[in-house]
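Notes to accompany the following structure.
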Amino acid sequence: MKDILKIMRFDYLTARPLAISPAVIFVVLAFALSLFFAPLICSYITFSAMVFVIPLQGVADKSGFNKLYGTLPVKRGNITRARFLYIFLVHFAAEMLELVLAVTAMSLKLYRVLPNQNGEMMQMVRESFEDTTLTLLMIIGVFTVSCLIFSYMEMMGQIHGRENELKIILITLGSLSALAFGILTLAQREIIPTLKLPSLPATTAGKVTLGVILNIVMLGICLLFGEITARKLTKREL
């Protein structure tokens with residue numbers, strides 16, 4: 001575990017020079033907009049996590065960090081596992097920050113200082129500050145989707161090569177589209193039962209529980225993707 005933590009810190013230090021400035025700007029801008037217009041805008045802070053992940057491979061290639069990774073006194077598999085845990089943690093940190101800032105925005109309700117309080121637009125703004133359910137679901141949803149996409153692309157990129165990422169995206173989208181079409185067709189012909197989305201919890205405690213469960217699930221997925229990738233790369237090196 002110490003090796004994994006060291007590599008995660010190494011990844012962070014690698015991305016930090018390129019990531020800090022745009023991340024801070026993005027967070028400040030999103031928080032400012034959420035203070036006056038809608039707390040759910042905080043959910044987009046998750047995208048600031050991307051700037052701590054995207055630069056890693058490019059910087060590693062240009063600076064020869066891949067050779068440095070190979071000389072570090074740690075197992076190659078742990079280097080791979082650390083990247084996936086790092087992806088989860090930067091997304092998780094962004095999610096926690098979003099929750100704090102969203103609660104702050106809902107508490108301050110600075111939209112009240114804006115003009116034309118009786119206008120239709122301001123009515124929508126007022127409702128957005130009262131709709132805690134939508135804000136919470138946006139934060140959890142954006143976190144889940146972004147973390148899943150980045151961990152999946154990291155796995156496929158490391159296994160099949162970064163140069164094939166466009167091909168990977170096209171094949172994945174095509175496969176998902178074909179699967180969705182097949183399920184809908186079978187459901188329409190009553191070969192399989194119609195899929196129904198489960199209803200969301202009615203209470204705040206239930207929604208928080210749902211968020212915790214999704215976070216645990218995403219952690220498990222990242223660890224699984226990391227293990228799959230580590231085993232594939234280890235076999236390749238042997």
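Identifiers in the structure tokens: chain A, B, ... in order shown; residue index from 1 per chain; ligand index from 1 in order shown.
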Residues within 8 Å of Gly77 of chain A, please, as a count of residues only. Count only C-alpha atoms; anything in the same chain fewer than 5 positions from it doesn't count. 5
Among segment 25-57 of chain A, which residues does DSSP mark as alpha helix (DSSP H) when it is run on the backbone? Keep the chain and numbering as in the structure and answer as a ChimeraX atom specification. /A:25-36,46-50,55-57
Hey, which of A:Pro17, A:Pro39, A:Pro55, A:Gly226 ends up closest to Tyr111 of chain A? Count only C-alpha atoms. A:Pro39
Show me, as a PDB file with N, CA, C and O atoms, in the first residue's frame, the residues that have an atom within 10 Å of segment 113-120 of chain A when counting only C-alpha atoms, minus same-chain residues fewer than 6 positions from it.
```pdb
ATOM      1  N   PHE A  36     -25.228  32.606  -7.011  1.00  0.00           N
ATOM      2  CA  PHE A  36     -26.252  33.543  -7.473  1.00  0.00           C
ATOM      3  C   PHE A  36     -27.337  32.907  -8.335  1.00  0.00           C
ATOM      4  O   PHE A  36     -28.442  33.455  -8.428  1.00  0.00           O
ATOM      5  N   PHE A  37     -27.043  31.755  -8.963  1.00  0.00           N
ATOM      6  CA  PHE A  37     -27.994  31.251  -9.948  1.00  0.00           C
ATOM      7  C   PHE A  37     -28.516  29.842  -9.680  1.00  0.00           C
ATOM      8  O   PHE A  37     -29.689  29.589  -9.898  1.00  0.00           O
ATOM      9  N   ARG A 126     -34.933  30.745  -7.840  1.00  0.00           N
ATOM     10  CA  ARG A 126     -35.385  30.490  -6.466  1.00  0.00           C
ATOM     11  C   ARG A 126     -35.693  29.000  -6.263  1.00  0.00           C
ATOM     12  O   ARG A 126     -35.342  28.412  -5.238  1.00  0.00           O
TER      13      ARG A 126
END
```
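Using only C-alpha atoms, the nearest neighbour of Lys207 of chain A within the list A:Gly161, A:Phe150, A:Ile140, A:Arg112 is A:Ile140.
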Go through A:Leu219, A:Ala38, A:Thr46, A:Leu101 and flag the residue nearest Met124 of chain A, using only C-alpha atoms for the distances. A:Ala38
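Coordinates place atom CA of Gln158 of chain A at a distance of 21.0 Å from atom CA of Leu176 of chain A.
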Residue among A:Gly182, A:Gly174, A:Pro193, A:Gly211 lying closest to Phe92 of chain A, counting only C-alpha atoms: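 Answer, going by the shortest atom-to-atom distance: A:Gly211.
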Neighbour list for segment 95-99 of chain A as a list in words, cut-off 8 Å, only C-alpha atoms, skip fewer than 2 positions in-chain: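 Contacts, in chain order: Cys42, Ser43, Ile45, Thr46, His91, Phe92, Ala93, Leu101, Ala102, Val103, Leu136, Ile139, Ile140 and Phe143 of chain A.
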Dump N, CA, C and O atoms for the selected residues as a compact mmCIF listing (two decimals), in the first residue's frame?
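Generated output (selection09.txt):
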```txt
# COMPACT_ATOMS: atom_id res chain seq x y z
N CYS A 42 -22.43 23.69 -8.97
CA CYS A 42 -21.25 23.13 -8.28
C CYS A 42 -20.88 21.75 -8.80
O CYS A 42 -19.72 21.33 -8.69
N SER A 43 -21.86 21.03 -9.34
CA SER A 43 -21.59 19.67 -9.82
C SER A 43 -20.55 19.67 -10.94
O SER A 43 -19.85 18.67 -11.14
N ILE A 45 -17.86 21.18 -10.98
CA ILE A 45 -16.50 21.23 -10.44
C ILE A 45 -15.80 19.89 -10.65
O ILE A 45 -14.57 19.82 -10.69
N THR A 46 -16.59 18.83 -10.81
CA THR A 46 -16.01 17.52 -11.11
C THR A 46 -15.09 17.59 -12.33
O THR A 46 -14.07 16.89 -12.40
N HIS A 91 -11.56 12.50 -8.23
CA HIS A 91 -13.00 12.70 -8.45
C HIS A 91 -13.75 12.79 -7.11
O HIS A 91 -14.66 13.61 -6.96
N PHE A 92 -13.35 11.95 -6.17
CA PHE A 92 -14.00 11.96 -4.86
C PHE A 92 -13.75 13.29 -4.15
O PHE A 92 -14.67 13.85 -3.53
N ALA A 93 -12.53 13.80 -4.24
CA ALA A 93 -12.20 15.08 -3.61
C ALA A 93 -13.03 16.20 -4.23
O ALA A 93 -13.55 17.08 -3.51
N LEU A 101 -19.58 23.34 -1.10
CA LEU A 101 -19.89 24.61 -1.75
C LEU A 101 -21.38 24.73 -2.08
O LEU A 101 -21.95 25.82 -1.99
N ALA A 102 -22.01 23.61 -2.43
CA ALA A 102 -23.44 23.64 -2.72
C ALA A 102 -24.25 23.96 -1.46
O ALA A 102 -25.20 24.76 -1.50
N VAL A 103 -23.88 23.35 -0.33
CA VAL A 103 -24.55 23.66 0.93
C VAL A 103 -24.35 25.13 1.30
O VAL A 103 -25.27 25.81 1.77
N LEU A 136 -28.23 17.39 -5.29
CA LEU A 136 -27.51 16.21 -4.81
C LEU A 136 -27.36 15.17 -5.92
O LEU A 136 -26.27 14.60 -6.10
N ILE A 139 -24.69 16.27 -8.45
CA ILE A 139 -23.33 16.10 -7.93
C ILE A 139 -22.91 14.63 -7.99
O ILE A 139 -21.82 14.28 -8.47
N ILE A 140 -23.79 13.75 -7.51
CA ILE A 140 -23.48 12.32 -7.50
C ILE A 140 -23.41 11.78 -8.93
O ILE A 140 -22.52 10.98 -9.27
N PHE A 143 -20.24 12.97 -10.87
CA PHE A 143 -19.10 12.24 -10.30
C PHE A 143 -19.04 10.82 -10.84
O PHE A 143 -17.99 10.34 -11.28
```
